[in-house]
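Novice: Pasting in a structure now, in structure tokens, and then I'll have a few things to ask.
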Amino acid sequence: MDGDVRRRLAEAAERVREHETVGGQVELLRRSVEEAERQLDGLRHAYEREQQDVERLEGRSLTRVVASLRGTRDDDLTRERAEAELAARREADARARLAGLRRDHRAAQARHAELAGAPAAYAALLDERERLLRAGRDRRADRLAALAAEQDWLTARARRVEEAARAAAAARTALAAVRDRLARADGWSTYDTFFGGGLVGSVMKHDRMDDAAAAARVADRWLAVLRTELAGLPGGWVAPELEVGELTRFTDIFLDNIFTDLAVRGRIRRAREAVDRAGTAVDRLRDQLAAEAGEVHRRRAAAAAERVGLLTAP
């Protein structure tokens, strides 16, 4: 029975290899078809231009009149007809080449579709042989069990890393929104402080500060999600806090003076620095998570390759 499974495994592996090869051919032919279509379009336009030149010399056009007056009409017409014929042949050749590429592409797609079930069939046969080896207490059974457990652990870790990476990306986007709102508040604060913004400047400044506070609350929520996701990852992962402080309203909207304006401006500047620190920390976390995802992928591929090696050996 095991010999029959090994034979079917070899045949299934060959179909998987063909499936991958044909898949590459499908993609290559798709790009070739697109390029041939662009070339044909250019050659078609070139032929149309050459044909128009011929028609201008043959018909009642200014081109014909000028050529007749110069005594070159016959020579010009012969040359233009030759160029038009050459352009027509080039277009015809390109059209034939495109038709052939399209046929090849359709044939490759059809074969790829026929082999679509090959990977799943191969995986099922690998599972079948693993069950046989484990049931027969083959010397490879313990290692296969260990590899299965490692794959389960790596799969779970990959999922946690992916979820943390999504949370980090969302947090980074939210922090960018806070930075944008604070930059606008800072601009109005500068105007209000140094250029006599008055009541309008104060109102606009505090409106922008309210916008920044709302954006900061969104960023805080995403940072909390990120901390939750990182808590499930071993290794001491830490997400930053957004220590902006309260962007509360100040009395300068009614008591407009340089000291209160400067205090508000200082608070906005400190908030911008805090957001920049949090953004830098999140960027660093994203790089670390990307590296971790790459390492998990490498380990999963290595474990899968070792398993296949064990299961396909005599």
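Scheme for the structure tokens: letters A, B, ... for chains in order shown; per-chain residue numbers from 1; ligand numbers from 1 in order shown.
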Which residues are close to A:Gly23, i.e. within 9 Å by only C-alpha atoms, leaving aside same-chain residues fewer than 6 positions away? Reply as a list of chain:residue names.
Specialist: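 Here the answer would be A:Ala108, A:Gln109, A:His112.
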Novice: List the spatial neighbours of A:Leu98 as a short mmCIF file (atom, residue, chain, number, x, y, z; two decimals) with N, CA, C and O atoms, in the first residue's frame - criterion: any atom at most 9 Å away, only C-alpha atoms, same-chain residues fewer than 4 positions off excluded.
Specialist:
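See around.cif below for the written result:
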data_model
loop_
_atom_site.label_atom_id
_atom_site.label_comp_id
_atom_site.auth_asym_id
_atom_site.auth_seq_id
_atom_site.Cartn_x
_atom_site.Cartn_y
_atom_site.Cartn_z
N SER A 32 3.42 39.10 -23.16
CA SER A 32 3.79 39.14 -24.57
C SER A 32 2.62 39.60 -25.43
O SER A 32 2.79 40.36 -26.39
N VAL A 33 1.41 39.14 -25.09
CA VAL A 33 0.22 39.56 -25.82
C VAL A 33 0.01 41.06 -25.68
O VAL A 33 -0.27 41.77 -26.66
N ALA A 36 2.56 42.83 -27.78
CA ALA A 36 2.25 42.69 -29.21
C ALA A 36 1.06 43.57 -29.59
O ALA A 36 1.02 44.12 -30.70
N GLU A 37 0.09 43.72 -28.71
CA GLU A 37 -1.05 44.60 -28.98
C GLU A 37 -0.59 46.05 -29.10
O GLU A 37 -1.06 46.79 -29.98
N LEU A 40 1.23 46.37 -32.45
CA LEU A 40 0.30 46.38 -33.56
C LEU A 40 -0.42 47.72 -33.67
O LEU A 40 -0.63 48.25 -34.77
N ASP A 93 2.21 41.27 -40.47
CA ASP A 93 3.09 40.36 -39.71
C ASP A 93 2.80 40.48 -38.22
O ASP A 93 2.75 39.46 -37.50
N ALA A 94 2.65 41.71 -37.74
CA ALA A 94 2.38 41.92 -36.31
C ALA A 94 1.02 41.33 -35.93
O ALA A 94 0.85 40.75 -34.85
N ARG A 102 -1.95 34.89 -28.93
CA ARG A 102 -3.25 34.72 -28.26
C ARG A 102 -3.66 33.24 -28.23
O ARG A 102 -4.20 32.78 -27.23
N ARG A 103 -3.41 32.52 -29.32
CA ARG A 103 -3.71 31.08 -29.32
C ARG A 103 -2.89 30.36 -28.26
O ARG A 103 -3.41 29.52 -27.51
#
Novice: List as CSV every residue of stretch 66-166 of chain A that is in contact with stretch 226-235 of chain A, defined as an atom at most 12 Å from one of its atoms (using only C-alpha atoms), together with the nearest atom pair and the distance in Å rounded to one decimal, sorted by chain and then rising number.
Specialist:
residue,atom,partner,partner_atom,distance
A:Trp153,CA,A:Leu233,CA,11.7
A:Leu154,CA,A:Leu233,CA,11.6
A:Ala156,CA,A:Leu233,CA,10.1
A:Arg157,CA,A:Leu233,CA,7.4
A:Ala158,CA,A:Leu233,CA,10.0
A:Arg159,CA,A:Leu233,CA,10.4
A:Arg160,CA,A:Glu229,CA,6.9
A:Val161,CA,A:Leu233,CA,7.5
A:Glu162,CA,A:Glu229,CA,9.5
A:Glu163,CA,A:Glu229,CA,6.8
A:Ala164,CA,A:Glu229,CA,5.2
A:Ala165,CA,A:Leu226,CA,8.3
A:Arg166,CA,A:Leu226,CA,8.6
Novice: With only C-alpha atoms as the atoms that count, which of A:Ala185, A:Ala313, A:Ala174, A:Ala46 lies nearest to A:Asp220?
Specialist: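 Answer, going by the shortest atom-to-atom distance: A:Ala174.
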Novice: Please provide the set of residues having any atom within 12 Å of A:Leu223, restricted to only C-alpha atoms, with same-chain residues fewer than 6 positions apart removed, written as a PyMOL selection string.
Specialist: chain A and resi 164-175+216-217+229-230+238-243+275+278-279+281-282+285
Novice: With only C-alpha atoms as the counted atoms, please give the residues lying no more than 12 Å from A:Asp180, apart from itself and same-chain residues fewer than 4 positions off, as number ranges by chain.
Specialist: A: 173-176, 184-187, 208-209, 211-213, 215-216, 268, 271-272, 275-276
Novice: Could those residues be written to a file, using C-alpha atoms, as a short mmCIF file (atom, residue, chain, number, x, y, z; two decimals), in the first residue's frame?
Specialist:
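Now in again-v2.cif:
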data_model
loop_
_atom_site.label_atom_id
_atom_site.label_comp_id
_atom_site.auth_asym_id
_atom_site.auth_seq_id
_atom_site.Cartn_x
_atom_site.Cartn_y
_atom_site.Cartn_z
CA THR A 173 -2.19 56.51 9.71
CA ALA A 174 -4.03 57.87 12.76
CA LEU A 175 -0.86 59.52 14.07
CA ALA A 176 -0.29 61.15 10.69
CA ARG A 184 -2.76 73.48 11.19
CA ALA A 185 -3.31 74.49 14.80
CA ASP A 186 0.33 75.55 15.02
CA GLY A 187 -0.06 77.75 11.96
CA ARG A 208 -7.94 73.21 14.94
CA MET A 209 -6.90 72.18 18.45
CA ASP A 211 -9.72 68.66 15.59
CA ALA A 212 -6.29 67.54 16.81
CA ALA A 213 -7.74 66.33 20.11
CA ALA A 215 -7.71 62.77 15.99
CA ALA A 216 -5.52 62.04 19.03
CA ILE A 268 0.86 72.62 20.60
CA ALA A 271 2.06 67.81 21.36
CA ARG A 272 3.68 67.73 17.91
CA VAL A 275 3.21 62.62 18.14
CA ASP A 276 6.51 62.51 16.26
#
Novice: List the neighbours of A:Arg140 out to 10 Å using only C-alpha atoms; skip same-chain residues closer than 5 positions along the sequence, and give me the result as number ranges by chain.
Specialist: A: 130, 133-134, 145, 307, 310-311
Novice: Find the residues near A:Ala124: any atom within 12 Å, counting only C-alpha atoms, skip ones fewer than 6 places away on the same chain, and give them as a PyMOL selection string.
Specialist: chain A and resi 5+8-9+12-13+117-118+130-131+311
Novice: Residues as selected, C-alpha atoms, written as a compact mmCIF listing (two decimals), in the first residue's frame, can you do that?
Specialist:
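Contents of part_20.txt, freshly written:
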# COMPACT_ATOMS: atom_id res chain seq x y z
CA VAL A 5 1.11 5.90 -2.31
CA ARG A 8 1.01 8.35 -6.78
CA LEU A 9 3.02 10.93 -4.89
CA ALA A 12 1.26 14.13 -8.30
CA ALA A 13 4.57 15.95 -7.76
CA GLY A 117 -6.33 20.66 -8.62
CA ALA A 118 -2.76 19.34 -8.68
CA GLU A 130 2.05 10.76 6.84
CA ARG A 131 -0.88 8.87 8.38
CA LEU A 311 7.33 11.90 3.14
Novice: Tell me, in Å to one decimal, how far atom CA of A:Arg181 is from atom CA of A:Leu289.
Specialist: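 Rounded to one decimal, the two atoms are 28.0 Å apart.
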Novice: One number please: atom CA of A:Gly100 to atom CA of A:Glu48, in Å, one decimal.
Specialist: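 Atom CA of A:Glu48 lies at a distance of 23.6 Å from atom CA of A:Gly100.
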Novice: In Å, with one decimal, what is the gap from atom CA of A:Ala177 to atom CA of A:Ala224?
Specialist: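 Distance reported for this atom pair: 16.8 Å.
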